[in-house]
file start-v3.csv (CSV, C-alpha atoms)
chain,number,residue,atom,x,y,z
D,4,MET,CA,92.6,146.0,90.5
D,5,GLY,CA,91.5,146.9,94.0
D,6,SER,CA,93.7,148.2,96.8
D,7,ILE,CA,93.9,144.7,98.3
D,8,ASP,CA,94.9,143.2,95.0
D,9,LYS,CA,97.5,145.9,94.5
D,10,TYR,CA,98.9,145.3,98.0
D,11,ILE,CA,99.3,141.6,97.4
D,12,PHE,CA,100.6,142.1,93.8
D,13,ARG,CA,103.3,144.5,94.9
D,14,THR,CA,104.3,142.4,97.9
D,15,THR,CA,104.6,139.3,95.8
D,16,LEU,CA,106.6,140.9,93.0
D,17,ALA,CA,108.9,142.7,95.4
D,18,SER,CA,109.6,139.5,97.2
D,19,PHE,CA,110.1,137.7,93.9
D,20,ALA,CA,112.6,140.4,92.7
D,21,LEU,CA,114.6,140.2,96.0
D,22,ILE,CA,114.7,136.4,96.0
D,23,LEU,CA,115.5,136.2,92.3
D,24,VAL,CA,118.5,138.6,92.6
D,25,SER,CA,119.8,136.8,95.7
D,26,LEU,CA,119.6,133.3,94.3
D,27,THR,CA,120.9,134.3,90.9
D,28,GLY,CA,123.8,136.2,92.5
D,29,VAL,CA,124.8,133.3,94.7
D,30,ILE,CA,124.7,130.8,91.8
D,31,TRP,CA,126.4,133.3,89.4
D,32,ILE,CA,129.3,133.7,91.8
D,33,THR,CA,129.9,129.9,91.8
D,34,GLN,CA,129.8,129.9,88.0
D,35,ALA,CA,132.0,133.0,87.7
D,36,LEU,CA,134.8,131.4,89.9
D,37,ARG,CA,135.2,128.8,87.2
D,38,GLY,CA,136.2,131.5,84.7
D,39,ILE,CA,138.7,133.2,87.0
D,40,ASP,CA,141.5,131.9,84.7
D,41,LEU,CA,140.5,134.6,82.2
D,42,MET,CA,142.2,137.1,84.4
D,43,THR,CA,145.1,134.9,85.7
D,44,SER,CA,146.5,132.6,83.0
D,45,GLN,CA,145.0,134.4,80.0
D,46,GLY,CA,145.6,138.0,81.2
D,47,GLN,CA,142.1,139.4,80.5
D,48,THR,CA,140.8,142.5,82.2
D,49,ILE,CA,138.1,142.6,84.9
D,50,VAL,CA,135.7,144.0,82.3
D,51,THR,CA,136.2,141.0,80.0
D,52,PHE,CA,135.8,138.6,83.0
D,53,LEU,CA,132.6,140.3,84.2
D,54,GLY,CA,131.2,140.5,80.6
D,55,ILE,CA,131.7,136.9,79.8
D,56,THR,CA,130.5,135.5,83.1
D,57,GLY,CA,127.6,138.0,83.2
D,58,LEU,CA,126.2,136.7,79.9
D,59,VAL,CA,125.2,133.4,81.6
D,60,ILE,CA,122.8,135.3,84.0
D,61,PRO,CA,119.7,135.0,81.7
D,62,ALA,CA,120.2,131.2,81.5
D,63,LEU,CA,120.3,131.1,85.3
D,64,VAL,CA,117.2,133.3,85.6
D,65,LEU,CA,115.3,131.0,83.3
D,66,ILE,CA,115.7,128.2,85.8
D,67,ILE,CA,115.5,130.2,89.0
D,68,ALA,CA,112.6,132.5,88.3
D,69,PRO,CA,109.8,129.9,88.8
D,70,ILE,CA,111.4,128.7,92.0
D,71,ALA,CA,111.8,132.3,93.2
D,72,LEU,CA,108.1,132.9,92.4
D,73,MET,CA,107.1,129.9,94.5
D,74,ILE,CA,109.1,131.2,97.5
D,75,ALA,CA,107.7,134.7,97.0
D,76,ILE,CA,104.1,133.4,97.0
D,77,SER,CA,104.9,131.3,100.1
D,78,HIS,CA,106.3,134.3,101.9
D,79,THR,CA,103.4,136.5,101.0
D,80,LEU,CA,100.8,133.9,102.1
D,81,ASN,CA,102.7,133.3,105.3
D,82,LYS,CA,102.8,137.0,106.0
D,83,LEU,CA,99.1,137.3,105.4
D,84,ALA,CA,98.4,134.3,107.6
D,85,THR,CA,100.6,135.5,110.4
D,86,ASP,CA,98.8,138.8,110.5
D,87,SER,CA,95.4,137.0,110.3
D,88,GLU,CA,94.7,138.9,107.1
D,89,ILE,CA,93.6,135.8,105.2
D,90,ILE,CA,91.0,135.0,107.8
D,91,VAL,CA,89.7,138.6,107.8
D,92,MET,CA,89.5,138.7,104.0
D,93,ASN,CA,87.7,135.3,104.1
D,94,ALA,CA,85.2,136.7,106.6
D,95,ALA,CA,84.7,139.7,104.3
D,96,GLY,CA,83.6,137.4,101.5
D,97,PHE,CA,86.9,136.7,99.7
D,98,SER,CA,86.9,133.2,98.4
D,99,PRO,CA,90.2,131.4,98.0
D,100,PHE,CA,89.8,131.8,94.2
D,101,ARG,CA,89.3,135.5,94.6
D,102,LEU,CA,92.3,135.8,96.8
D,103,PHE,CA,94.4,134.0,94.1
D,104,ARG,CA,93.7,136.7,91.6
D,105,PRO,CA,96.6,139.1,92.5
D,106,PHE,CA,98.9,136.1,92.6
D,107,PHE,CA,97.8,135.1,89.2
D,108,TYR,CA,98.6,138.6,87.9
D,109,ALA,CA,102.1,138.4,89.4
D,110,THR,CA,102.5,135.0,87.8
D,111,CYS,CA,101.6,136.4,84.4
D,112,VAL,CA,104.4,139.0,84.8
D,113,VAL,CA,106.9,136.3,85.7
D,114,ALA,CA,105.7,134.0,82.8
D,115,LEU,CA,106.2,136.8,80.3
D,116,LEU,CA,109.7,137.4,81.6
D,117,VAL,CA,110.5,133.7,81.4
D,118,ALA,CA,109.1,133.5,77.9
D,119,PHE,CA,111.2,136.4,76.7
D,120,ILE,CA,114.4,135.0,78.3
D,121,ALA,CA,113.7,131.5,76.9
D,122,SER,CA,113.1,132.7,73.3
D,123,TYR,CA,115.8,135.4,73.0
D,124,MET,CA,117.9,136.5,76.0
D,125,ALA,CA,119.2,133.2,77.1
D,126,PRO,CA,120.3,131.9,73.7
D,127,ASP,CA,121.6,135.4,72.8
D,128,GLY,CA,123.8,135.4,75.9
D,129,MET,CA,125.1,131.9,75.3
D,130,ARG,CA,125.8,132.8,71.7
D,131,ARG,CA,127.8,135.9,72.7
D,132,ILE,CA,129.8,133.8,75.3
D,133,LYS,CA,130.7,131.3,72.5
D,134,GLN,CA,131.7,134.1,70.2
D,135,TRP,CA,133.8,135.9,72.8
D,136,ASP,CA,135.4,132.7,73.9
D,137,ALA,CA,136.4,131.9,70.2
D,138,GLU,CA,138.0,135.4,69.9
D,139,ILE,CA,140.0,134.9,73.1
D,140,THR,CA,141.1,131.4,72.1
D,141,ALA,CA,142.1,132.5,68.6
D,142,ASP,CA,144.0,135.5,69.9
D,143,VAL,CA,147.7,134.6,70.0
D,144,LEU,CA,148.5,137.6,72.2
D,145,THR,CA,146.4,136.0,74.9
D,146,ASN,CA,147.3,132.3,74.5
D,147,ILE,CA,150.9,132.1,73.2
D,148,LEU,CA,152.5,135.0,75.0
D,149,GLN,CA,153.1,133.4,78.4
D,150,PRO,CA,155.3,135.1,81.0
D,151,GLY,CA,158.9,134.0,81.0
D,152,ARG,CA,158.8,132.1,77.7
D,153,PHE,CA,160.1,133.0,74.3
D,154,ALA,CA,157.2,132.7,71.9
D,155,GLN,CA,158.1,132.3,68.2
D,156,LEU,CA,155.1,133.8,66.4
D,157,ASP,CA,156.6,133.5,62.9
D,158,GLN,CA,159.7,132.0,61.4
D,159,ASN,CA,161.7,135.1,62.3
D,160,LEU,CA,159.7,136.8,64.9
D,161,THR,CA,160.2,136.1,68.7
D,162,ILE,CA,158.5,137.9,71.6
D,163,ARG,CA,159.0,137.5,75.3
D,164,ILE,CA,157.2,139.1,78.3
D,165,ARG,CA,158.3,139.0,81.9
D,166,GLU,CA,154.9,139.1,83.5
D,167,ARG,CA,151.2,139.9,83.1
D,168,GLN,CA,149.9,142.6,85.5
D,169,PRO,CA,146.3,143.6,86.4
D,170,GLY,CA,144.4,145.6,83.8
D,171,GLY,CA,146.0,143.7,80.8
D,172,ILE,CA,149.4,145.3,81.2
D,173,LEU,CA,152.4,143.3,79.9
D,174,ALA,CA,155.6,144.1,81.7
D,175,GLY,CA,159.2,143.5,80.5
D,176,ILE,CA,158.6,143.1,76.7
D,177,PHE,CA,161.3,141.9,74.3
D,178,VAL,CA,160.8,141.7,70.5
D,179,ASP,CA,163.2,140.3,68.0
D,180,ASP,CA,162.0,140.8,64.4
D,181,ARG,CA,164.0,139.4,61.5
D,182,ARG,CA,161.2,139.0,59.0
D,183,ASP,CA,162.8,141.6,56.7
D,184,PRO,CA,166.0,140.2,55.3
D,185,LYS,CA,167.4,143.7,54.9
D,186,GLU,CA,167.2,144.6,58.5
D,187,ARG,CA,166.8,143.2,62.0
D,188,ILE,CA,164.8,145.1,64.7
D,189,THR,CA,165.2,144.5,68.4
D,190,ILE,CA,162.8,146.2,70.8
D,191,ILE,CA,162.9,146.3,74.6
D,192,ALA,CA,160.1,148.0,76.4
D,193,ASP,CA,159.2,148.5,80.1
D,194,HIS,CA,155.6,147.7,79.6
D,195,GLY,CA,152.8,147.6,77.0
D,196,THR,CA,149.2,146.8,76.4
D,197,ILE,CA,147.1,145.2,73.7
D,198,LEU,CA,145.0,147.5,71.5
D,199,LYS,CA,142.3,146.3,69.2
D,200,ASN,CA,140.4,148.5,66.8
D,201,GLU,CA,138.9,148.4,63.3
D,202,SER,CA,142.3,148.6,61.6
D,203,GLY,CA,143.7,145.6,63.5
D,204,SER,CA,145.5,144.4,66.7
D,205,TYR,CA,148.6,146.2,68.0
D,206,LEU,CA,151.0,145.7,70.8
D,207,VAL,CA,151.4,149.2,72.2
D,208,LEU,CA,154.9,149.4,73.8
D,209,GLU,CA,155.8,152.2,76.2
D,210,ASP,CA,159.1,153.5,77.6
D,211,GLY,CA,161.6,151.5,75.6
D,212,ASN,CA,164.4,151.3,73.0
D,213,LEU,CA,164.3,150.2,69.4
D,214,GLU,CA,167.6,149.0,67.8
D,215,ARG,CA,167.7,148.6,64.0
D,216,PHE,CA,170.4,146.7,62.2
D,217,GLU,CA,170.4,147.5,58.5
D,218,ALA,CA,172.2,145.4,56.0
D,219,GLY,CA,175.4,147.0,54.7
D,220,LYS,CA,175.7,149.3,57.7
D,221,ARG,CA,178.3,148.9,60.4
D,222,ASP,CA,176.5,150.5,63.3
D,223,PRO,CA,172.9,150.0,64.4
D,224,ALA,CA,170.4,152.8,64.8
D,225,LEU,CA,169.2,153.2,68.3
D,226,VAL,CA,165.9,155.0,69.1
D,227,ALA,CA,164.4,155.7,72.5
D,228,PHE,CA,160.6,155.9,72.4
D,229,GLY,CA,157.8,156.8,74.8
D,230,ARG,CA,155.2,155.0,72.8
D,231,TYR,CA,155.4,152.6,69.9
D,232,ALA,CA,152.7,150.5,68.2
D,233,PHE,CA,153.8,147.1,66.9
D,234,ASP,CA,151.4,145.6,64.4
D,235,MET,CA,150.1,142.1,65.4
D,236,SER,CA,147.0,141.9,63.2
D,237,LYS,CA,148.4,138.9,61.4
D,238,PHE,CA,148.4,136.9,64.6
D,239,SER,CA,145.0,137.8,65.9
D,240,LYS,CA,142.6,136.5,63.4
D,241,GLY,CA,139.1,135.5,64.4
D,242,ARG,CA,138.1,131.8,64.5
D,243,ASP,CA,134.9,130.3,63.1
D,244,PHE,CA,132.7,128.6,65.6
D,245,THR,CA,129.6,126.4,65.3
D,246,LEU,CA,126.4,127.3,67.2
D,247,GLY,CA,125.2,124.7,69.6
D,248,ILE,CA,121.6,123.9,70.4
D,249,ARG,CA,121.3,126.2,73.4
D,250,GLU,CA,122.7,129.1,71.3
D,251,ARG,CA,119.8,128.9,68.9
D,252,TYR,CA,116.9,131.3,69.0
D,253,ILE,CA,113.4,129.8,69.3
D,254,TRP,CA,112.6,130.5,65.7
D,255,GLU,CA,115.8,128.8,64.6
D,256,LEU,CA,114.7,125.7,66.6
D,257,LEU,CA,111.2,125.9,65.0
D,258,SER,CA,112.5,125.7,61.4
D,259,PRO,CA,116.1,124.5,61.4
D,260,SER,CA,117.9,124.2,58.0
D,261,PRO,CA,117.9,120.6,56.7
D,262,GLU,CA,121.5,121.2,55.7
D,263,ASP,CA,122.5,122.2,59.2
D,264,PRO,CA,125.2,119.6,60.3
D,265,VAL,CA,124.3,120.0,64.0
D,266,TYR,CA,120.6,119.3,63.2
D,267,GLN,CA,121.5,116.4,61.0
D,268,GLN,CA,123.5,114.9,63.8
D,269,LEU,CA,121.3,115.7,66.8
D,270,PRO,CA,117.6,116.1,65.7
D,271,GLY,CA,116.4,114.7,69.0
D,272,GLN,CA,118.1,117.4,71.0
D,273,PHE,CA,116.7,120.1,68.8
D,274,ARG,CA,113.2,118.7,69.6
D,275,ALA,CA,113.9,118.5,73.3
D,276,GLU,CA,115.2,122.0,73.4
D,277,LEU,CA,112.3,123.4,71.5
D,278,HIS,CA,109.8,121.8,73.9
D,279,ASP,CA,111.7,123.1,76.9
D,280,ARG,CA,111.4,126.7,75.5
D,281,PHE,CA,107.7,126.3,75.1
D,282,LEU,CA,107.2,124.7,78.5
D,283,ALA,CA,109.3,127.3,80.4
D,284,PRO,CA,106.5,129.9,80.7
D,285,LEU,CA,104.1,127.2,82.0
D,286,TYR,CA,106.2,126.3,85.1
D,287,PRO,CA,105.4,129.6,86.9
D,288,PHE,CA,101.7,128.9,86.5
D,289,ALA,CA,102.1,125.3,87.8
D,290,PHE,CA,104.2,126.4,90.7
D,291,ALA,CA,101.9,129.3,91.7
D,292,ALA,CA,98.8,127.0,91.5
D,293,LEU,CA,100.3,124.3,93.6
D,294,THR,CA,101.8,126.7,96.2
D,295,PHE,CA,98.5,128.6,96.7
D,296,ALA,CA,96.5,125.3,96.8
D,297,PHE,CA,98.6,124.1,99.7
D,298,LEU,CA,99.0,127.5,101.6
D,299,GLY,CA,96.2,129.8,100.5
D,300,THR,CA,93.2,128.4,102.4
D,301,PRO,CA,92.3,130.2,105.7
D,302,ARG,CA,93.6,128.7,108.9
D,303,THR,CA,93.5,129.7,112.5
D,304,THR,CA,96.6,130.4,114.4
D,305,ARG,CA,96.3,127.0,116.1
D,306,GLN,CA,96.5,125.1,112.9
D,307,SER,CA,100.0,124.3,111.9
D,308,ARG,CA,101.2,125.3,108.4
D,309,ASN,CA,104.4,123.2,108.4
D,310,PHE,CA,102.8,120.2,106.8
D,311,SER,CA,101.4,122.3,104.0
D,312,ILE,CA,104.7,124.1,103.4
D,313,GLY,CA,106.5,120.8,103.2
D,314,GLY,CA,103.8,119.4,100.9
D,315,SER,CA,104.1,122.4,98.5
D,316,ILE,CA,107.9,122.1,98.4
D,317,ILE,CA,107.7,118.3,97.6
D,318,ALA,CA,105.0,118.9,94.9
D,319,VAL,CA,106.9,121.7,93.2
D,320,PHE,CA,110.3,120.1,93.2
D,321,GLY,CA,108.9,116.8,92.3
D,322,LEU,CA,107.2,118.4,89.3
D,323,ARG,CA,110.5,120.1,88.3
D,324,MET,CA,112.5,116.9,88.6
D,325,ALA,CA,110.0,115.0,86.5
D,326,GLY,CA,110.2,117.8,83.9
D,327,PHE,CA,114.0,117.4,83.7
D,328,ALA,CA,113.6,113.6,83.3
D,329,CYS,CA,111.0,114.1,80.5
D,330,SER,CA,113.4,116.6,78.8
D,331,VAL,CA,116.1,113.9,78.7
D,332,LEU,CA,113.7,111.3,77.4
D,333,THR,CA,112.4,113.6,74.7
D,334,VAL,CA,115.7,113.3,72.9
D,335,LYS,CA,114.9,109.7,72.0
D,336,GLN,CA,111.2,109.4,72.7
D,337,PRO,CA,109.0,112.2,71.3
D,338,LEU,CA,106.1,111.1,73.4
D,339,ALA,CA,108.0,112.2,76.5
D,340,ALA,CA,107.3,115.8,75.5
D,341,LEU,CA,103.6,115.1,75.5
D,342,VAL,CA,103.9,113.5,78.9
D,343,GLN,CA,105.5,116.7,80.2
D,344,TYR,CA,102.7,118.9,78.8
D,345,LEU,CA,100.1,116.7,80.3
D,346,MET,CA,101.9,116.7,83.6
D,347,LEU,CA,102.1,120.5,83.8
D,348,PHE,CA,98.5,121.0,82.8
D,349,ALA,CA,97.5,118.3,85.3
D,350,ALA,CA,99.4,120.2,88.0
D,351,ILE,CA,97.8,123.5,87.1
D,352,GLY,CA,94.3,121.9,86.9
D,353,GLY,CA,94.7,120.0,90.1
D,354,GLY,CA,95.9,123.2,91.9
D,355,MET,CA,93.0,125.2,90.6
D,356,TRP,CA,90.5,122.5,91.6
D,357,MET,CA,91.9,122.5,95.2
D,358,ILE,CA,91.6,126.4,95.2
D,359,LEU,CA,88.0,126.4,93.9
D,360,ALA,CA,87.0,123.6,96.3
D,361,GLY,CA,88.7,125.2,99.2
D,362,VAL,CA,90.6,122.1,100.1
D,363,VAL,CA,92.6,122.5,103.3
D,364,VAL,CA,95.8,120.3,103.2
D,365,GLU,CA,96.3,118.9,106.7
D,366,PRO,CA,98.4,115.9,107.9
D,367,PRO,CA,96.4,112.7,108.3
D,368,ALA,CA,95.0,112.0,111.8
D,369,ALA,CA,96.9,108.7,112.0
D,370,LEU,CA,100.2,110.5,111.3
D,371,MET,CA,99.5,113.1,113.9
D,372,GLU,CA,98.6,110.4,116.5
D,373,ALA,CA,101.9,108.5,115.7
D,374,ILE,CA,103.9,111.7,116.1
D,375,ASN,CA,102.2,112.5,119.4
D,376,ARG,CA,102.8,109.0,120.7
D,377,SER,CA,106.4,109.2,119.7
D,378,ASN,CA,106.8,112.6,121.5
D,379,GLU,CA,105.2,111.1,124.7
D,380,ARG,CA,107.7,108.2,124.6
D,381,ILE,CA,110.6,110.6,124.2
D,382,LEU,CA,109.4,112.7,127.1
D,383,ARG,CA,109.1,109.7,129.3
D,384,LEU,CA,112.6,108.5,128.5
D,385,PHE,CA,114.4,111.8,128.6
D,386,GLY,CA,112.0,114.0,130.6
D,387,ARG,CA,113.2,115.9,133.6
D,388,PRO,CA,112.9,114.0,137.0
D,389,ALA,CA,110.3,115.3,139.3
D,390,ALA,CA,111.5,117.9,141.9
D,391,ALA,CA,111.9,116.7,145.5
call {"tool": "encode", "arguments": {"input": "start-v3.csv", "output": "structure tokens"}}
result
Amino acid sequence: MGSIDKYIFRTTLASFALILVSLTGVIWITQALRGIDLMTSQGQTIVTFLGITGLVIPALVLIIAPIALMIAISHTLNKLATDSEIIVMNAAGFSPFRLFRPFFYATCVVALLVAFIASYMAPDGMRRIKQWDAEITADVLTNILQPGRFAQLDQNLTIRIRERQPGGILAGIFVDDRRDPKERITIIADHGTILKNESGSYLVLEDGNLERFEAGKRDPALVAFGRYAFDMSKFSKGRDFTLGIRERYIWELLSPSPEDPVYQQLPGQFRAELHDRFLAPLYPFAFAALTFAFLGTPRTTRQSRNFSIGGSIIAVFGLRMAGFACSVLTVKQPLAALVQYLMLFAAIGGGMWMILAGVVVEPPAALMEAINRSNERILRLFGRPAAA
């Protein structure tokens, strides 16, 4: 790879990384705001909140990466054109196809990233989200213990908390335990936290009093404690969950078990998801070929690039929307997947033909004449009056 190729390759990938992080961050924030109730109503910590919402990032990158690549290639080509570098390279003997080579290398890097995310990272993240959500939903300490309410966890066990504070702290805890017929235990603590480890789940109480009424005794036993662990393992059991289609790895989609109830019920969605995983790495190549075909040919500073930019945007987004439509149709019509493959290969082939032929995308002359006539009419109607 020569110095010019390295320069274009680095510039494209740097722009791609910046655009990918920016777009993913903006969309992630909008998705994360939907899960803000994890910290409010369910009392989860900021670590849990960021962990669950952060697992959706690979799925977002899977969709955003090809679009970010298109924007990065457009930015790099516009920069080269503004500095007249494309014209200089063309005069030095660089054909459009030769100039496309460093962009192709950058596209290969993006395609490998997308392939890895589609086959492993995105389903793994979605699987962890489902597992984490099942654990939170099944945890009685999170869902039943609501501030200001007496929660009867068992027939003779009642717990009340005054409020949930940041960091998972429970303030104003009252426990009334009558499960042992020989004694009754009443606990009042200033605050406490939930501790989970290999041995179980515990409500760790701090700065409180324990009052024990034993059968046959007249006076209760009162104990002041600084720290006391109340066993809650019985009420924090895990919950089984069924993996959806998006949570399956690509090898699980390739050979699903015939006894899988989800596969038996939705075989068409398995097929559509599998083809989407295969097609995901092809979109960067299609987007790169179309973008370069519209913007990569040499132009003078007098030639406008606006029409080419608009044409590339329409072509890329039209291709992506058609891909989404084919994915939906694949659920019921297997031939729709073949249409999507043909559509992508046609886009790549058409873009490469335009690059090899050196086709310059310019607006039709009739369109430019109509625009000029319209501008002249506007100037006549709203133009400044001549000075006296």
call {"tool": "residues_around", "arguments": {"input": "start-v3.csv", "residues": "Phe103 of chain D", "least_positions_apart": "3", "cutoff": "9 Å", "atoms": "all atoms listed in the file", "output": "list in words"}}
result
Ser98, Pro99, Phe100, Phe106, Phe107, Tyr108, Ala292, Phe295, Gly299 and Ile358 of chain D
call {"tool": "write_last_selection", "arguments": {"input": "start-v3.csv", "atoms": "C-alpha atoms", "output": "PDB file, in the coordinates of the input"}}
result
ATOM      1  CA  SER D  98      86.900 133.200  98.400  1.00  0.00           C
ATOM      2  CA  PRO D  99      90.200 131.400  98.000  1.00  0.00           C
ATOM      3  CA  PHE D 100      89.800 131.800  94.200  1.00  0.00           C
ATOM      4  CA  PHE D 106      98.900 136.100  92.600  1.00  0.00           C
ATOM      5  CA  PHE D 107      97.800 135.100  89.200  1.00  0.00           C
ATOM      6  CA  TYR D 108      98.600 138.600  87.900  1.00  0.00           C
ATOM      7  CA  ALA D 292      98.800 127.000  91.500  1.00  0.00           C
ATOM      8  CA  PHE D 295      98.500 128.600  96.700  1.00  0.00           C
ATOM      9  CA  GLY D 299      96.200 129.800 100.500  1.00  0.00           C
ATOM     10  CA  ILE D 358      91.600 126.400  95.200  1.00  0.00           C
TER      11      ILE D 358
END
call {"tool": "residues_near_point", "arguments": {"input": "start-v3.csv", "point": "(101.0, 133.4, 98.2)", "cutoff": "9 Å", "atoms": "only C-alpha atoms", "output": "ChimeraX atom specification"}}
result
/D:11,15,73-83,103,106,291,294-295,298-299
call {"tool": "residues_around", "arguments": {"input": "start-v3.csv", "residues": "Met129 of chain D", "least_positions_apart": "3", "cutoff": "6 Å", "atoms": "all atoms listed in the file", "output": "tab-separated table (two decimals) with C-alpha atoms, keeping the file's coordinate frame"}}
result
chain	number	residue	atom	x	y	z
D	126	PRO	CA	120.30	131.90	73.70
D	132	ILE	CA	129.80	133.80	75.30
D	250	GLU	CA	122.70	129.10	71.30
call {"tool": "closest_residue", "arguments": {"input": "start-v3.csv", "among": "D:Met346, D:Val334, D:Cys329, D:Ile32", "to": "Ala289 of chain D", "atoms": "only C-alpha atoms"}}
result
D:Met346
call {"tool": "residues_near_point", "arguments": {"input": "start-v3.csv", "point": "(103.7, 139.2, 84.0)", "cutoff": "12 Å", "atoms": "all atoms listed in the file", "output": "PyMOL selection string"}}
result
chain D and resi 12+15-16+19+68+72+105-119+284+287-288
call {"tool": "closest_residue", "arguments": {"input": "start-v3.csv", "among": "D:Leu347, D:Leu341, D:Met235, D:Ala318", "to": "Gly203 of chain D", "atoms": "all atoms listed in the file"}}
result
D:Met235
call {"tool": "closest_residue", "arguments": {"input": "start-v3.csv", "among": "D:Pro337, D:Gly361, D:Gly326, D:Gly314", "to": "Pro270 of chain D", "atoms": "all atoms listed in the file"}}
result
D:Pro337
call {"tool": "atom_distance", "arguments": {"input": "start-v3.csv", "atom1": "atom CA of Glu214 of chain D", "atom2": "atom CA of Asp183 of chain D"}}
result
14.2 Å
call {"tool": "atom_distance", "arguments": {"input": "start-v3.csv", "atom1": "atom CA of Ala35 of chain D", "atom2": "atom CA of Ile253 of chain D"}}
result
26.4 Å
call {"tool": "atom_distance", "arguments": {"input": "start-v3.csv", "atom1": "atom CA of Gly313 of chain D", "atom2": "atom CA of Ala296 of chain D"}}
result
12.7 Å
call {"tool": "residues_around", "arguments": {"input": "start-v3.csv", "residues": "Arg182 of chain D", "least_positions_apart": "5", "cutoff": "9 Å", "atoms": "all atoms listed in the file", "output": "ChimeraX atom specification"}}
result
/D:157-160,187
call {"tool": "write_last_selection", "arguments": {"input": "start-v3.csv", "atoms": "C-alpha atoms", "output": "mmCIF file, keeping the file's coordinate frame"}}
result
data_model
loop_
_atom_site.group_PDB
_atom_site.id
_atom_site.type_symbol
_atom_site.label_atom_id
_atom_site.label_comp_id
_atom_site.auth_asym_id
_atom_site.auth_seq_id
_atom_site.Cartn_x
_atom_site.Cartn_y
_atom_site.Cartn_z
ATOM 1 C CA ASP D 157 156.600 133.500 62.900
ATOM 2 C CA GLN D 158 159.700 132.000 61.400
ATOM 3 C CA ASN D 159 161.700 135.100 62.300
ATOM 4 C CA LEU D 160 159.700 136.800 64.900
ATOM 5 C CA ARG D 187 166.800 143.200 62.000
#
call {"tool": "closest_residue", "arguments": {"input": "start-v3.csv", "among": "D:Ile316, D:Ile7, D:Arg167, D:Leu293", "to": "Gly353 of chain D", "atoms": "all atoms listed in the file"}}
result
D:Leu293
call {"tool": "closest_residue", "arguments": {"input": "start-v3.csv", "among": "D:Ala71, D:Met357, D:Leu63, D:Met92", "to": "Leu21 of chain D", "atoms": "all atoms listed in the file"}}
result
D:Ala71
call {"tool": "closest_residue", "arguments": {"input": "start-v3.csv", "among": "D:Trp254, D:Phe97, D:Trp135, D:Trp356", "to": "Phe297 of chain D", "atoms": "only C-alpha atoms"}}
result
D:Trp356
call {"tool": "residues_around", "arguments": {"input": "start-v3.csv", "residues": "Ile60 of chain D", "least_positions_apart": "4", "cutoff": "12 Å", "atoms": "all atoms listed in the file", "output": "list in words"}}
result
Leu23, Val24, Leu26, Thr27, Gly28, Val29, Ile30, Trp31, Ile32, Thr33, Gln34, Ala35, Leu53, Gly54, Ile55, Thr56, Val64, Leu65, Ile66, Ile67, Ala68, Ile120, Met124, Ala125, Pro126, Asp127, Gly128, Met129 and Ile132 of chain D
call {"tool": "decode", "arguments": {"input": "start-v3.csv", "residues": "segment 291-302 of chain D", "atoms": "N, CA and C atoms", "output": "PDB file, in the first residue's frame"}}
result
ATOM      1  N   ALA D 291     -20.286   1.445  -0.424  1.00  0.00           N
ATOM      2  CA  ALA D 291     -19.022   2.039  -0.857  1.00  0.00           C
ATOM      3  C   ALA D 291     -18.973   2.180  -2.378  1.00  0.00           C
ATOM      4  N   ALA D 292     -19.397   1.142  -3.105  1.00  0.00           N
ATOM      5  CA  ALA D 292     -19.363   1.185  -4.570  1.00  0.00           C
ATOM      6  C   ALA D 292     -20.283   2.282  -5.104  1.00  0.00           C
ATOM      7  N   LEU D 293     -21.486   2.383  -4.558  1.00  0.00           N
ATOM      8  CA  LEU D 293     -22.422   3.399  -5.040  1.00  0.00           C
ATOM      9  C   LEU D 293     -21.939   4.807  -4.694  1.00  0.00           C
ATOM     10  N   THR D 294     -21.442   5.001  -3.504  1.00  0.00           N
ATOM     11  CA  THR D 294     -20.978   6.332  -3.099  1.00  0.00           C
ATOM     12  C   THR D 294     -19.812   6.787  -3.954  1.00  0.00           C
ATOM     13  N   PHE D 295     -18.844   5.887  -4.164  1.00  0.00           N
ATOM     14  CA  PHE D 295     -17.697   6.267  -4.984  1.00  0.00           C
ATOM     15  C   PHE D 295     -18.103   6.466  -6.436  1.00  0.00           C
ATOM     16  N   ALA D 296     -19.043   5.676  -6.936  1.00  0.00           N
ATOM     17  CA  ALA D 296     -19.486   5.826  -8.325  1.00  0.00           C
ATOM     18  C   ALA D 296     -20.083   7.201  -8.565  1.00  0.00           C
ATOM     19  N   PHE D 297     -20.785   7.742  -7.587  1.00  0.00           N
ATOM     20  CA  PHE D 297     -21.400   9.053  -7.736  1.00  0.00           C
ATOM     21  C   PHE D 297     -20.414  10.193  -7.479  1.00  0.00           C
ATOM     22  N   LEU D 298     -19.450   9.989  -6.577  1.00  0.00           N
ATOM     23  CA  LEU D 298     -18.622  11.114  -6.123  1.00  0.00           C
ATOM     24  C   LEU D 298     -17.145  10.968  -6.456  1.00  0.00           C
ATOM     25  N   GLY D 299     -16.693   9.816  -6.964  1.00  0.00           N
ATOM     26  CA  GLY D 299     -15.260   9.585  -7.100  1.00  0.00           C
ATOM     27  C   GLY D 299     -14.626  10.048  -8.385  1.00  0.00           C
ATOM     28  N   THR D 300     -15.421  10.417  -9.391  1.00  0.00           N
ATOM     29  CA  THR D 300     -14.827  10.856 -10.658  1.00  0.00           C
ATOM     30  C   THR D 300     -14.298  12.283 -10.539  1.00  0.00           C
ATOM     31  N   PRO D 301     -13.211  12.604 -11.263  1.00  0.00           N
ATOM     32  CA  PRO D 301     -12.633  13.957 -11.175  1.00  0.00           C
ATOM     33  C   PRO D 301     -13.611  15.017 -11.696  1.00  0.00           C
ATOM     34  N   ARG D 302     -13.666  16.161 -11.002  1.00  0.00           N
ATOM     35  CA  ARG D 302     -14.485  17.292 -11.416  1.00  0.00           C
ATOM     36  C   ARG D 302     -13.700  18.565 -11.177  1.00  0.00           C
TER      37      ARG D 302
END
